[in-house]
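Notes follow the structure.
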Amino acid sequence: MDSQALIQSDLDHVWHHVMPMHEVAESGPKVIVRGEGSLVWDVEGKEYLDAMGGIYTTPIGHGRADVIEAICEQGRKLEFYPNFQFYTTPPVIELAEKLTALYPADMKRWFFCSGGSEAMDTALKIARQYWKQSGKPGKHKFIALRGGFHGVTFGAASATGITLYREPYEPLVPGFRHVPAPFCYRCPCKETYPGCCLKCVDALEQQIVFEHPDTVAAFIAEPVLNPIGEVPPPVEYYQRVRELCDRYQVLFLFDEVITGFGRTGKWFGCEHYGVKPDLVTFAKGITSGYQPCGAVGVPEWIDQAFWGPDKTGFMHGHTFGGHPMACVAALKNIEILESENLVALGAERADYLFQQLQRLHEHRVMGDIRGKGMLIGMDLVRNKETKEKYPPEIRVGIRIRERAWELGLICRDQRDVLVIAPPLVTTKEQCDRIVDTLDRAIGEVEATTPV
Ligand SMILES: Cc1ncc(COP(=O)(O)O)c(C=O)c1O
């Protein structure tokens with residue numbers, strides 16, 4: 001098929017994710033055919049710098065032949081066998097052991113699935129069943145953050161705190177509550193950090209007490225809040241949340257789907273806060289996207305609650321969870337991150353990128369630049385003083401993202417926040433290219449946008 005036929009066929013038959021099809025049609029489907037490192041090429045042969053990292057997914061970069069070879073080698077031996085009931089395969093065993101060694105929070109056992117939403121639903125079910133089998137069957141509610149994102153399946157969407165992802169599918173799963181996020185630039189409590197003494201932690205405590213601790217199973221959050229534009233909460237926020245969870249016997253579930261595997265400048269997001277969660281979810285960077293894979297980790301004391309002839313076991317499974325070719329991809333991805341020292345390299349490059357990005361503050365629409373490591377958000381405003389946003393119809397973020405694409409840069413607009421998450425292997429020159437292209441795209445859009 002030539003490129004025009006491919007584009008037409010896409011428009012005729014492919015349902016794009018989380019984007020109204022009329023908008024896909026307006027901007028035109030962007031058909032990517034090849035990748036190498038931080039670069040990708042479209043069907044017309046035009047090169048782009050993938051500053052979105054394939055939707056926060058590609059720490060090691062695109063086109064690694066050694067990962068593909070490892071997947072093929074496994075496929076030639078055994079393409080698939082499930083992780084159901086009694087069955088297992090060497091790659092899933094090796095990956096579980098590796099994750100236990102890597103994650104800072106003493107995770108003993110791993111449940112594998114095919115992505116982040118499945119991982120979240122799995123973790124939610126583990127939490128509910130854990131309490132049922134630990135003498136506190138009433139602990140079934142979940143508290144998450146307003147503005148948090150945890151996926152799109154019914155459980156994960158119920159944990160998600162964004163109206164756009166919830167309202168069309170209501171009623172969602174009962175028992176989910178949402179509290180204000182620790183978002184200091186636009187504080188939902190209308191306070192200023194650090195004078196606020198973190199009223200958002202008080203709000204969480206009040207919610208736990210209001211619900212009654214005997215009904216609350218777990219608190220859920222991302223180490224860096226992605227949907228509201230890569231917001232790293234103050235360090236003490238998660239430290240105090242950890243204390244609250246201990247005090248009220250609430251499980252602390254960290255969603256490390258984006259923040260795992262070097263994205264934030266450390267191996268895992270939890271390391272920025274010095275806290276150890278009770279449950280963790282992974283996806284995306286676990287394989288750098290070379291295969292679909294998600295995982296949930298639990299410590300020994302949660303694992304123990306599922307053992308014994310009086311227990312039903314965890315009645316949850318996905319045919320492709322622990323797929324041997326996906327586990328091999330994860331193992332090779334981790335081996336590359338380790339042997340090429342990519343987490344430290346990515347952190348160093350991210351520092352350079354962040355410094356260079358500061359010059360974008362000269363633009364009148366640039367309100368805030370924030371993030372951790374190679375996960376950076378840029379808050380676009382109409383007025384820097386008041387932080388007022390442009391009305392949606394001005395489409396300022398969308399127009400900047402579109403212009404950047406024309407100039408050969410892929411970034412993401414979360415409407416009025418621009419987001420970048422380049423691979424950890426992005427070179428210094430490529431960091432400069434990201435900044436120069438954004439500078440130009442923002443400048444051009446700004447010039448045609450009313451004050
Ligand atoms: C923090 C977080 N959790 C869960 C998910 C869902 O992952 P998936 O798209 O693999 O289902 C996402 C997806 O972006 C995410 O960002």
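Residues in the structure tokens are numbered from 1 in each chain, the chains being A, B, ... in the order shown, and ligands are numbered from 1 in the order shown.
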
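Neighbouring residues of Cys187 in chain A at 10 Å or closer, counting only C-alpha atoms and skipping chain neighbours under 5 positions away, are A:Pro180, A:Ala181, A:Pro182, A:Thr192, A:Tyr193, A:Cys196, A:Lys199, A:Cys200.
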
Exercise. Tell me, as a ChimeraX atom specification, which residues lie within 12 Å of Tyr169 in chain A, counting only C-alpha atoms; anything in the same chain fewer than 3 positions away does not count.
Key: /A:152-155,157-158,163-166,172-173

File of the preceding selection, all heavy atoms, as a short mmCIF file (atom, residue, chain, number, x, y, z; two decimals), in the first residue's frame:
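This is the output file part28.cif:
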```cif
data_model
loop_
_atom_site.label_atom_id
_atom_site.label_comp_id
_atom_site.auth_asym_id
_atom_site.auth_seq_id
_atom_site.Cartn_x
_atom_site.Cartn_y
_atom_site.Cartn_z
N VAL A 152 -7.66 2.36 31.97
CA VAL A 152 -8.98 2.54 31.37
C VAL A 152 -9.94 1.36 31.54
O VAL A 152 -11.11 1.48 31.19
CB VAL A 152 -8.83 2.85 29.87
CG1 VAL A 152 -8.13 4.18 29.65
CG2 VAL A 152 -8.07 1.74 29.15
N THR A 153 -9.44 0.22 32.03
CA THR A 153 -10.38 -0.86 32.32
C THR A 153 -11.24 -0.40 33.50
O THR A 153 -10.92 0.58 34.16
CB THR A 153 -9.60 -2.15 32.67
OG1 THR A 153 -8.58 -1.81 33.62
CG2 THR A 153 -8.96 -2.76 31.43
N PHE A 154 -12.32 -1.14 33.81
CA PHE A 154 -13.29 -0.57 34.76
C PHE A 154 -12.70 -0.26 36.14
O PHE A 154 -12.96 0.80 36.70
CB PHE A 154 -14.54 -1.44 34.86
CG PHE A 154 -15.64 -0.92 33.98
CD1 PHE A 154 -15.87 -1.47 32.74
CD2 PHE A 154 -16.41 0.16 34.39
CE1 PHE A 154 -16.86 -0.96 31.91
CE2 PHE A 154 -17.40 0.68 33.57
CZ PHE A 154 -17.63 0.12 32.32
N GLY A 155 -11.87 -1.17 36.65
CA GLY A 155 -11.24 -0.91 37.95
C GLY A 155 -10.29 0.27 37.86
O GLY A 155 -10.33 1.19 38.68
N ALA A 157 -10.16 2.62 35.61
CA ALA A 157 -10.86 3.87 35.32
C ALA A 157 -11.54 4.41 36.59
O ALA A 157 -11.66 5.62 36.78
CB ALA A 157 -11.89 3.67 34.21
N SER A 158 -11.95 3.51 37.46
CA SER A 158 -12.59 3.94 38.72
C SER A 158 -11.55 4.58 39.63
O SER A 158 -11.86 5.49 40.40
CB SER A 158 -13.23 2.75 39.43
OG SER A 158 -14.12 2.10 38.54
N THR A 163 -12.31 13.41 34.95
CA THR A 163 -13.71 13.31 34.54
C THR A 163 -13.85 12.76 33.11
O THR A 163 -14.70 11.93 32.83
CB THR A 163 -14.37 14.70 34.64
OG1 THR A 163 -14.08 15.22 35.95
CG2 THR A 163 -15.87 14.65 34.44
N LEU A 164 -12.97 13.25 32.23
CA LEU A 164 -13.03 12.86 30.82
C LEU A 164 -12.97 11.34 30.62
O LEU A 164 -13.61 10.80 29.72
CB LEU A 164 -11.82 13.51 30.12
CG LEU A 164 -11.77 13.53 28.60
CD1 LEU A 164 -12.90 14.38 28.06
CD2 LEU A 164 -10.42 14.11 28.14
N TYR A 165 -12.20 10.66 31.48
CA TYR A 165 -12.05 9.21 31.36
C TYR A 165 -13.10 8.45 32.15
O TYR A 165 -13.15 7.23 32.10
CB TYR A 165 -10.66 8.78 31.86
CG TYR A 165 -9.54 9.17 30.94
CD1 TYR A 165 -8.86 10.37 31.11
CD2 TYR A 165 -9.16 8.35 29.88
CE1 TYR A 165 -7.83 10.74 30.27
CE2 TYR A 165 -8.13 8.71 29.03
CZ TYR A 165 -7.46 9.91 29.23
OH TYR A 165 -6.45 10.26 28.39
N ARG A 166 -13.90 9.18 32.93
CA ARG A 166 -14.85 8.52 33.82
C ARG A 166 -16.30 8.68 33.36
O ARG A 166 -17.04 7.71 33.25
CB ARG A 166 -14.73 9.12 35.23
CG ARG A 166 -13.38 8.91 35.89
CD ARG A 166 -13.26 9.72 37.19
NE ARG A 166 -14.33 9.40 38.11
CZ ARG A 166 -14.30 8.39 38.98
NH1 ARG A 166 -13.24 7.63 39.06
NH2 ARG A 166 -15.32 8.14 39.77
N LEU A 172 -19.26 3.63 37.41
CA LEU A 172 -18.02 2.86 37.50
C LEU A 172 -18.11 1.91 38.71
O LEU A 172 -19.18 1.72 39.29
CB LEU A 172 -16.84 3.83 37.61
CG LEU A 172 -16.64 4.70 36.36
CD1 LEU A 172 -15.60 5.79 36.61
CD2 LEU A 172 -16.23 3.87 35.16
N VAL A 173 -16.99 1.32 39.06
CA VAL A 173 -16.98 0.34 40.17
C VAL A 173 -17.22 1.09 41.48
O VAL A 173 -16.59 2.13 41.73
CB VAL A 173 -15.61 -0.37 40.21
CG1 VAL A 173 -15.56 -1.38 41.35
CG2 VAL A 173 -15.31 -1.05 38.88
#
```

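Coordinates place CA of Gly37 in chain A at a distance of 24.5 Å from CA of Gln414 in chain A.
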
Set out as a Markdown table a contact list for chain A and ligand 1 with a cut-off of 6 Å, giving each residue of chain A that qualifies its closest atom pair and distance in Å to one decimal, counting only C-alpha atoms and all ligand atoms, ordered by chain and rising residue number.
```
| residue | atom | partner | partner_atom_place_in_ligand_line | distance |
| --- | --- | --- | --- | --- |
| A:Gly115 | CA | ligand 1 | 10 (O) | 3.7 |
| A:Gly116 | CA | ligand 1 | 7 (O) | 3.1 |
| A:Ser117 | CA | ligand 1 | 11 (O) | 3.6 |
| A:Phe149 | CA | ligand 1 | 1 (C) | 5.4 |
| A:His150 | CA | ligand 1 | 3 (N) | 3.7 |
| A:Gly151 | CA | ligand 1 | 6 (C) | 3.7 |
| A:Glu222 | CA | ligand 1 | 1 (C) | 5.8 |
| A:Asp255 | CA | ligand 1 | 1 (C) | 5.5 |
| A:Val257 | CA | ligand 1 | 2 (C) | 4.9 |
| A:Ile258 | CA | ligand 1 | 1 (C) | 5.4 |
| A:Ala283 | CA | ligand 1 | 10 (O) | 5.9 |
```

Those same residues - N, CA and C atoms - I'd like them written as an mmCIF file, in the first residue's frame.
```cif
data_model
loop_
_atom_site.group_PDB
_atom_site.id
_atom_site.type_symbol
_atom_site.label_atom_id
_atom_site.label_comp_id
_atom_site.auth_asym_id
_atom_site.auth_seq_id
_atom_site.Cartn_x
_atom_site.Cartn_y
_atom_site.Cartn_z
ATOM 1 N N GLY A 115 -0.266 -5.134 30.425
ATOM 2 C CA GLY A 115 -0.183 -3.669 30.364
ATOM 3 C C GLY A 115 -0.553 -3.044 31.693
ATOM 4 N N GLY A 116 -0.568 -1.704 31.697
ATOM 5 C CA GLY A 116 -0.761 -0.970 32.938
ATOM 6 C C GLY A 116 -2.165 -1.053 33.511
ATOM 7 N N SER A 117 -3.175 -1.040 32.651
ATOM 8 C CA SER A 117 -4.550 -1.100 33.171
ATOM 9 C C SER A 117 -4.819 -2.468 33.791
ATOM 10 N N PHE A 149 -4.052 9.251 36.951
ATOM 11 C CA PHE A 149 -4.470 8.346 35.876
ATOM 12 C C PHE A 149 -3.909 6.958 36.164
ATOM 13 N N HIS A 150 -4.784 5.949 36.071
ATOM 14 C CA HIS A 150 -4.333 4.586 36.378
ATOM 15 C C HIS A 150 -4.778 3.577 35.337
ATOM 16 N N GLY A 151 -5.327 4.056 34.211
ATOM 17 C CA GLY A 151 -5.724 3.131 33.162
ATOM 18 C C GLY A 151 -7.196 3.243 32.849
ATOM 19 N N GLU A 222 0.493 7.910 41.634
ATOM 20 C CA GLU A 222 1.706 7.822 40.809
ATOM 21 C C GLU A 222 2.815 8.627 41.505
ATOM 22 N N ASP A 255 1.649 3.373 41.594
ATOM 23 C CA ASP A 255 1.512 3.063 40.169
ATOM 24 C C ASP A 255 2.773 3.575 39.469
ATOM 25 N N VAL A 257 3.811 2.677 36.522
ATOM 26 C CA VAL A 257 3.708 2.317 35.101
ATOM 27 C C VAL A 257 4.553 3.251 34.233
ATOM 28 N N ILE A 258 4.540 4.536 34.541
ATOM 29 C CA ILE A 258 5.384 5.478 33.792
ATOM 30 C C ILE A 258 6.740 5.638 34.456
ATOM 31 N N ALA A 283 4.454 -1.292 33.841
ATOM 32 C CA ALA A 283 4.149 -1.633 32.429
ATOM 33 C C ALA A 283 5.132 -0.795 31.607
#
```

Quiz item: Running DSSP on the backbone, which parts of range 223-431 of chain A land in strand (DSSP E or B), as a PyMOL selection string?
Solution: chain A and resi 225+231+251-255+279-282+294-299+366-371+376-380+383+388+409-410+412-413+417-420

Atoms to include: N, CA, C and O atoms. Write the selected residues as a compact mmCIF listing (two decimals), in the first residue's frame.
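out-v8.txt, written as the output of this step:
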```txt
# COMPACT_ATOMS: atom_id res chain seq x y z
N LEU A 225 2.92 12.86 39.05
CA LEU A 225 1.53 12.87 38.58
C LEU A 225 1.51 13.28 37.11
O LEU A 225 1.70 14.46 36.78
N VAL A 231 3.86 16.31 37.53
CA VAL A 231 4.00 17.01 38.82
C VAL A 231 4.66 16.09 39.85
O VAL A 231 4.07 15.08 40.24
N LEU A 251 -3.30 0.02 52.67
CA LEU A 251 -2.19 -0.36 51.79
C LEU A 251 -1.81 0.82 50.91
O LEU A 251 -2.69 1.58 50.47
N PHE A 252 -0.54 0.97 50.66
CA PHE A 252 -0.02 2.05 49.80
C PHE A 252 0.34 1.43 48.46
O PHE A 252 1.29 0.65 48.38
N LEU A 253 -0.43 1.77 47.44
CA LEU A 253 -0.21 1.21 46.09
C LEU A 253 0.40 2.27 45.20
O LEU A 253 -0.23 3.29 44.90
N PHE A 254 1.65 2.05 44.78
CA PHE A 254 2.32 3.00 43.89
C PHE A 254 2.17 2.51 42.46
O PHE A 254 2.54 1.37 42.16
N ASP A 255 1.65 3.37 41.59
CA ASP A 255 1.51 3.06 40.17
C ASP A 255 2.77 3.57 39.47
O ASP A 255 2.89 4.76 39.16
N LEU A 279 2.28 -2.24 47.47
CA LEU A 279 1.98 -2.87 46.18
C LEU A 279 2.55 -1.96 45.10
O LEU A 279 2.52 -0.73 45.26
N VAL A 280 3.03 -2.54 44.00
CA VAL A 280 3.52 -1.70 42.92
C VAL A 280 3.05 -2.26 41.58
O VAL A 280 2.94 -3.48 41.42
N THR A 281 2.75 -1.34 40.65
CA THR A 281 2.40 -1.78 39.29
C THR A 281 3.42 -1.23 38.29
O THR A 281 3.90 -0.09 38.43
N PHE A 282 3.75 -2.06 37.31
CA PHE A 282 4.66 -1.70 36.22
C PHE A 282 3.98 -1.97 34.88
O PHE A 282 3.13 -2.85 34.76
N GLY A 294 2.90 -6.15 31.67
CA GLY A 294 2.64 -5.41 32.91
C GLY A 294 2.96 -6.33 34.08
O GLY A 294 3.06 -7.55 33.90
N ALA A 295 3.12 -5.76 35.26
CA ALA A 295 3.44 -6.59 36.43
C ALA A 295 2.94 -5.92 37.70
O ALA A 295 2.85 -4.69 37.77
N VAL A 296 2.61 -6.76 38.68
CA VAL A 296 2.24 -6.27 40.02
C VAL A 296 3.14 -6.98 41.02
O VAL A 296 3.28 -8.21 40.97
N GLY A 297 3.75 -6.21 41.92
CA GLY A 297 4.62 -6.81 42.93
C GLY A 297 3.99 -6.70 44.31
O GLY A 297 3.36 -5.68 44.62
N VAL A 298 4.16 -7.76 45.11
CA VAL A 298 3.66 -7.74 46.49
C VAL A 298 4.75 -8.24 47.44
O VAL A 298 5.54 -9.11 47.08
N PRO A 299 4.78 -7.71 48.67
CA PRO A 299 5.74 -8.21 49.66
C PRO A 299 5.28 -9.55 50.24
O PRO A 299 4.13 -9.96 50.04
N MET A 366 4.48 30.47 28.69
CA MET A 366 5.10 29.41 29.51
C MET A 366 4.92 29.73 30.99
O MET A 366 5.57 30.62 31.54
N GLY A 367 4.04 28.97 31.65
CA GLY A 367 3.76 29.23 33.05
C GLY A 367 4.72 28.51 33.98
O GLY A 367 5.19 29.06 34.97
N ASP A 368 4.99 27.24 33.67
CA ASP A 368 5.79 26.44 34.60
C ASP A 368 6.45 25.31 33.81
O ASP A 368 5.86 24.77 32.87
N ILE A 369 7.69 24.99 34.19
CA ILE A 369 8.38 23.84 33.61
C ILE A 369 8.79 22.97 34.78
O ILE A 369 9.44 23.45 35.71
N ARG A 370 8.37 21.71 34.77
CA ARG A 370 8.58 20.86 35.96
C ARG A 370 8.72 19.41 35.55
O ARG A 370 8.51 19.06 34.38
N GLY A 371 9.04 18.57 36.51
CA GLY A 371 9.13 17.15 36.22
C GLY A 371 10.26 16.51 36.98
O GLY A 371 10.85 17.10 37.89
N ILE A 376 8.92 15.47 31.68
CA ILE A 376 8.86 16.92 31.90
C ILE A 376 7.54 17.49 31.36
O ILE A 376 7.11 17.14 30.25
N GLY A 377 6.92 18.35 32.16
CA GLY A 377 5.67 19.00 31.75
C GLY A 377 5.87 20.51 31.67
O GLY A 377 6.64 21.08 32.45
N MET A 378 5.18 21.12 30.72
CA MET A 378 5.25 22.58 30.56
C MET A 378 3.83 23.14 30.57
O MET A 378 3.05 22.86 29.66
N ASP A 379 3.53 23.91 31.60
CA ASP A 379 2.17 24.41 31.82
C ASP A 379 1.99 25.69 31.00
O ASP A 379 2.72 26.66 31.22
N LEU A 380 1.03 25.70 30.09
CA LEU A 380 0.81 26.85 29.22
C LEU A 380 -0.28 27.74 29.81
O LEU A 380 -1.34 27.25 30.20
N ASN A 383 -1.85 34.03 31.35
CA ASN A 383 -1.33 35.08 32.21
C ASN A 383 -0.41 34.44 33.26
O ASN A 383 -0.86 33.65 34.08
N GLU A 388 -3.84 31.98 34.77
CA GLU A 388 -5.08 31.72 34.03
C GLU A 388 -4.75 30.92 32.77
O GLU A 388 -3.75 31.18 32.09
N LEU A 409 9.39 17.10 15.43
CA LEU A 409 9.48 16.72 16.85
C LEU A 409 8.14 16.16 17.32
O LEU A 409 7.10 16.78 17.10
N ILE A 410 8.20 15.01 17.98
CA ILE A 410 6.97 14.45 18.55
C ILE A 410 6.95 14.75 20.04
O ILE A 410 7.84 14.35 20.78
N ARG A 412 3.81 15.59 23.39
CA ARG A 412 2.41 15.33 23.68
C ARG A 412 1.78 16.60 24.21
O ARG A 412 2.42 17.34 24.94
N ASP A 413 0.52 16.85 23.81
CA ASP A 413 -0.17 17.93 24.50
C ASP A 413 -1.24 17.29 25.35
O ASP A 413 -1.97 16.41 24.91
N VAL A 417 -1.07 21.52 28.73
CA VAL A 417 0.26 21.18 29.24
C VAL A 417 0.98 20.41 28.14
O VAL A 417 0.44 19.44 27.60
N LEU A 418 2.20 20.86 27.81
CA LEU A 418 3.01 20.10 26.86
C LEU A 418 3.85 19.12 27.65
O LEU A 418 4.38 19.48 28.71
N VAL A 419 3.99 17.91 27.14
CA VAL A 419 4.72 16.90 27.88
C VAL A 419 5.78 16.27 26.99
O VAL A 419 5.52 15.98 25.82
N ILE A 420 6.97 16.08 27.56
CA ILE A 420 7.99 15.32 26.84
C ILE A 420 8.56 14.22 27.75
O ILE A 420 8.65 14.40 28.97
```

Practice problem: Work out how far apart CA of His17 in chain A and CA of Gly54 in chain A are and give it in Å to one decimal. | Solution: 13.6 Å

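Excluding Gln304 in chain A itself and same-chain residues fewer than 6 positions from it, the residues having an atom within 12 Å of it are Lys108, Arg109, Ile126, Tyr130, Trp131, Gln133, Ser134, Val298, Lys311, Gly313 and Phe314 of chain A, counting only C-alpha atoms.
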
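Across the model, the gap from CA of Phe183 in chain A to CA of Gly195 in chain A is 14.1 Å.
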
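Here the question is which of A:Tyr290, A:Tyr248, A:Phe84, A:Phe210 gets nearest to Lys332 in chain A using only C-alpha atoms, and that residue is A:Tyr290.
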
Self-check item: Residues within 10 Å of Ile334 in chain A, only C-alpha atoms, excluding chain neighbours under 3 positions, as JSON, numbers by chain
Solution: {"A": [59, 60, 95, 98, 99, 102, 261, 285, 286, 287, 288, 328, 329, 330, 331, 337, 338, 339, 340, 342]}

Please, could you write that set of residues out with all heavy atoms as a tab-separated table (two decimals), in the first residue's frame?
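Result written to result_20.tsv:
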```tsv
chain	number	residue	atom	x	y	z
A	59	PRO	N	12.57	3.66	27.41
A	59	PRO	CA	13.83	4.14	27.98
A	59	PRO	C	15.06	3.80	27.13
A	59	PRO	O	15.94	4.63	26.96
A	59	PRO	CB	13.92	3.46	29.35
A	59	PRO	CG	12.67	2.70	29.56
A	59	PRO	CD	11.78	2.90	28.38
A	60	ILE	N	15.15	2.59	26.58
A	60	ILE	CA	16.39	2.22	25.86
A	60	ILE	C	16.39	2.72	24.42
A	60	ILE	O	17.39	2.55	23.71
A	60	ILE	CB	16.64	0.69	25.86
A	60	ILE	CG1	15.54	-0.07	25.10
A	60	ILE	CG2	16.82	0.17	27.27
A	60	ILE	CD1	15.88	-1.51	24.82
A	95	LEU	N	12.40	-13.35	35.25
A	95	LEU	CA	11.99	-11.95	35.36
A	95	LEU	C	11.49	-11.63	36.77
A	95	LEU	O	11.82	-10.59	37.34
A	95	LEU	CB	10.91	-11.62	34.31
A	95	LEU	CG	10.40	-10.19	34.34
A	95	LEU	CD1	11.52	-9.16	34.12
A	95	LEU	CD2	9.30	-9.98	33.28
A	98	LYS	N	14.37	-11.27	39.04
A	98	LYS	CA	15.10	-10.03	38.73
A	98	LYS	C	14.39	-8.81	39.33
A	98	LYS	O	15.01	-7.91	39.90
A	98	LYS	CB	15.22	-9.89	37.21
A	98	LYS	CG	16.04	-8.72	36.76
A	98	LYS	CD	17.51	-8.96	37.04
A	98	LYS	CE	18.30	-7.68	36.96
A	98	LYS	NZ	19.70	-7.85	37.38
A	99	LEU	N	13.05	-8.77	39.19
A	99	LEU	CA	12.30	-7.62	39.71
A	99	LEU	C	12.39	-7.55	41.23
A	99	LEU	O	12.47	-6.47	41.82
A	99	LEU	CB	10.83	-7.69	39.25
A	99	LEU	CG	10.60	-7.53	37.74
A	99	LEU	CD1	9.11	-7.64	37.41
A	99	LEU	CD2	11.15	-6.21	37.21
A	102	LEU	N	15.58	-5.96	41.98
A	102	LEU	CA	15.69	-4.56	41.55
A	102	LEU	C	14.87	-3.57	42.38
A	102	LEU	O	15.32	-2.48	42.69
A	102	LEU	CB	15.19	-4.41	40.11
A	102	LEU	CG	16.15	-4.52	38.93
A	102	LEU	CD1	15.39	-4.25	37.65
A	102	LEU	CD2	17.34	-3.57	39.06
A	261	PHE	N	11.79	2.05	35.73
A	261	PHE	CA	12.84	1.73	34.76
A	261	PHE	C	13.54	2.98	34.19
A	261	PHE	O	13.73	3.11	32.99
A	261	PHE	CB	12.28	0.80	33.66
A	261	PHE	CG	11.71	-0.44	34.28
A	261	PHE	CD1	10.35	-0.51	34.62
A	261	PHE	CD2	12.53	-1.49	34.64
A	261	PHE	CE1	9.83	-1.62	35.28
A	261	PHE	CE2	12.02	-2.61	35.30
A	261	PHE	CZ	10.67	-2.67	35.60
A	285	GLY	N	7.82	0.97	30.42
A	285	GLY	CA	9.28	0.86	30.38
A	285	GLY	C	9.82	-0.50	30.78
A	285	GLY	O	11.02	-0.75	30.61
A	286	ILE	N	9.00	-1.38	31.29
A	286	ILE	CA	9.50	-2.70	31.71
A	286	ILE	C	10.07	-3.47	30.51
A	286	ILE	O	11.00	-4.24	30.66
A	286	ILE	CB	8.40	-3.52	32.46
A	286	ILE	CG1	9.01	-4.77	33.12
A	286	ILE	CG2	7.27	-3.90	31.55
A	286	ILE	CD1	8.06	-5.52	34.05
A	287	THR	N	9.50	-3.22	29.32
A	287	THR	CA	10.05	-3.85	28.11
A	287	THR	C	10.53	-2.79	27.11
A	287	THR	O	10.89	-3.13	25.98
A	287	THR	CB	8.98	-4.69	27.37
A	287	THR	OG1	7.92	-3.81	26.99
A	287	THR	CG2	8.46	-5.83	28.19
A	288	SER	N	10.47	-1.52	27.48
A	288	SER	CA	10.71	-0.41	26.54
A	288	SER	C	9.76	-0.51	25.34
A	288	SER	O	10.04	0.03	24.27
A	288	SER	CB	12.16	-0.39	26.05
A	288	SER	OG	12.95	0.36	26.94
A	328	VAL	N	11.13	-12.20	28.11
A	328	VAL	CA	12.48	-12.12	27.55
A	328	VAL	C	12.79	-10.67	27.15
A	328	VAL	O	13.90	-10.18	27.38
A	328	VAL	CB	12.60	-13.10	26.35
A	328	VAL	CG1	13.74	-12.70	25.45
A	328	VAL	CG2	12.81	-14.51	26.85
A	329	ALA	N	11.82	-10.00	26.55
A	329	ALA	CA	12.02	-8.60	26.17
A	329	ALA	C	12.31	-7.75	27.40
A	329	ALA	O	13.21	-6.90	27.40
A	329	ALA	CB	10.79	-8.06	25.44
A	330	ALA	N	11.57	-8.00	28.49
A	330	ALA	CA	11.80	-7.25	29.73
A	330	ALA	C	13.20	-7.53	30.28
A	330	ALA	O	13.91	-6.61	30.69
A	330	ALA	CB	10.74	-7.61	30.77
A	331	LEU	N	13.58	-8.80	30.27
A	331	LEU	CA	14.91	-9.16	30.80
A	331	LEU	C	16.02	-8.50	30.00
A	331	LEU	O	16.98	-7.97	30.55
A	331	LEU	CB	15.08	-10.69	30.78
A	331	LEU	CG	14.32	-11.41	31.90
A	331	LEU	CD1	14.20	-12.91	31.58
A	331	LEU	CD2	15.03	-11.21	33.24
A	337	LEU	N	19.67	-1.64	30.29
A	337	LEU	CA	19.66	-0.49	31.21
A	337	LEU	C	20.83	-0.61	32.20
A	337	LEU	O	21.50	0.39	32.50
A	337	LEU	CB	18.34	-0.45	31.99
A	337	LEU	CG	17.10	0.02	31.22
A	337	LEU	CD1	15.82	-0.27	32.01
A	337	LEU	CD2	17.17	1.51	30.90
A	338	GLU	N	21.07	-1.84	32.66
A	338	GLU	CA	22.16	-2.04	33.64
A	338	GLU	C	23.53	-1.95	32.98
A	338	GLU	O	24.38	-1.18	33.42
A	338	GLU	CB	22.01	-3.43	34.29
A	338	GLU	CG	20.91	-3.47	35.34
A	338	GLU	CD	20.77	-4.83	36.00
A	338	GLU	OE1	20.96	-5.87	35.33
A	338	GLU	OE2	20.44	-4.86	37.20
A	339	SER	N	23.73	-2.71	31.90
A	339	SER	CA	25.09	-2.83	31.36
A	339	SER	C	25.53	-1.53	30.69
A	339	SER	O	26.72	-1.23	30.64
A	339	SER	CB	25.17	-4.00	30.38
A	339	SER	OG	24.35	-3.73	29.27
A	340	GLU	N	24.58	-0.74	30.18
A	340	GLU	CA	24.97	0.52	29.53
A	340	GLU	C	24.78	1.71	30.47
A	340	GLU	O	24.84	2.87	30.02
A	340	GLU	CB	24.19	0.67	28.22
A	340	GLU	CG	24.53	-0.48	27.27
A	340	GLU	CD	23.78	-0.45	25.94
A	340	GLU	OE1	23.21	0.59	25.58
A	340	GLU	OE2	23.75	-1.50	25.28
A	342	LEU	N	22.28	3.13	31.72
A	342	LEU	CA	21.39	4.11	31.08
A	342	LEU	C	20.59	4.96	32.08
A	342	LEU	O	20.18	6.07	31.73
A	342	LEU	CB	20.43	3.41	30.12
A	342	LEU	CG	21.06	2.80	28.86
A	342	LEU	CD1	19.99	2.29	27.91
A	342	LEU	CD2	21.95	3.82	28.15
```

Practice problem: Extract the full set of helix (DSSP H, G or I) residues from range 10-253 of chain A according to DSSP on the backbone, and format it as a ChimeraX atom specification. | Solution: /A:10-13,21-27,53-56,65-77,90-102,116-132,154-159,163-169,184-186,199-211,213-215,235-248

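Between Arg349 in chain A and the residues A:Glu23, A:Asp432, A:Asp42, A:Glu191, the shortest atom-to-atom distance, using only C-alpha atoms, involves A:Asp432.
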
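Proximity to Met325 in chain A at 8 Å, evaluated using only C-alpha atoms and with sequence-adjacent residues fewer than 5 positions away removed, yields A:Ile71, A:Cys72, A:Gln74, A:Gly75, A:Glu79, A:Phe80, A:Pro91, A:Gln291.
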
Quiz prompt | Of the listed residues A:Ala159, A:Ala51, A:Ile32, A:Leu438, that which approaches Gln358 in chain A most closely, counting only C-alpha atoms | solution = A:Leu438

Self-check item: Spatial neighbours of Tyr237 in chain A, max dist 12 Å, only C-alpha atoms, sep filter under 6 positions, as a list in words
Solution: Ala181, Pro182, Phe183, Cys184, Tyr193, Pro194, Cys196, Cys197, Leu198, Lys199, Cys200, Val201, Asp202, Ala203, Leu204, Ala221, Pro223, Val224, Glu243, Leu244, Cys270, His272, Tyr273, Gly274 and Val275 of chain A

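Residue nearest Gln355 in chain A, chosen from A:Pro168, A:Gly147, A:Val31, A:Val435 and counting only C-alpha atoms: A:Val435.
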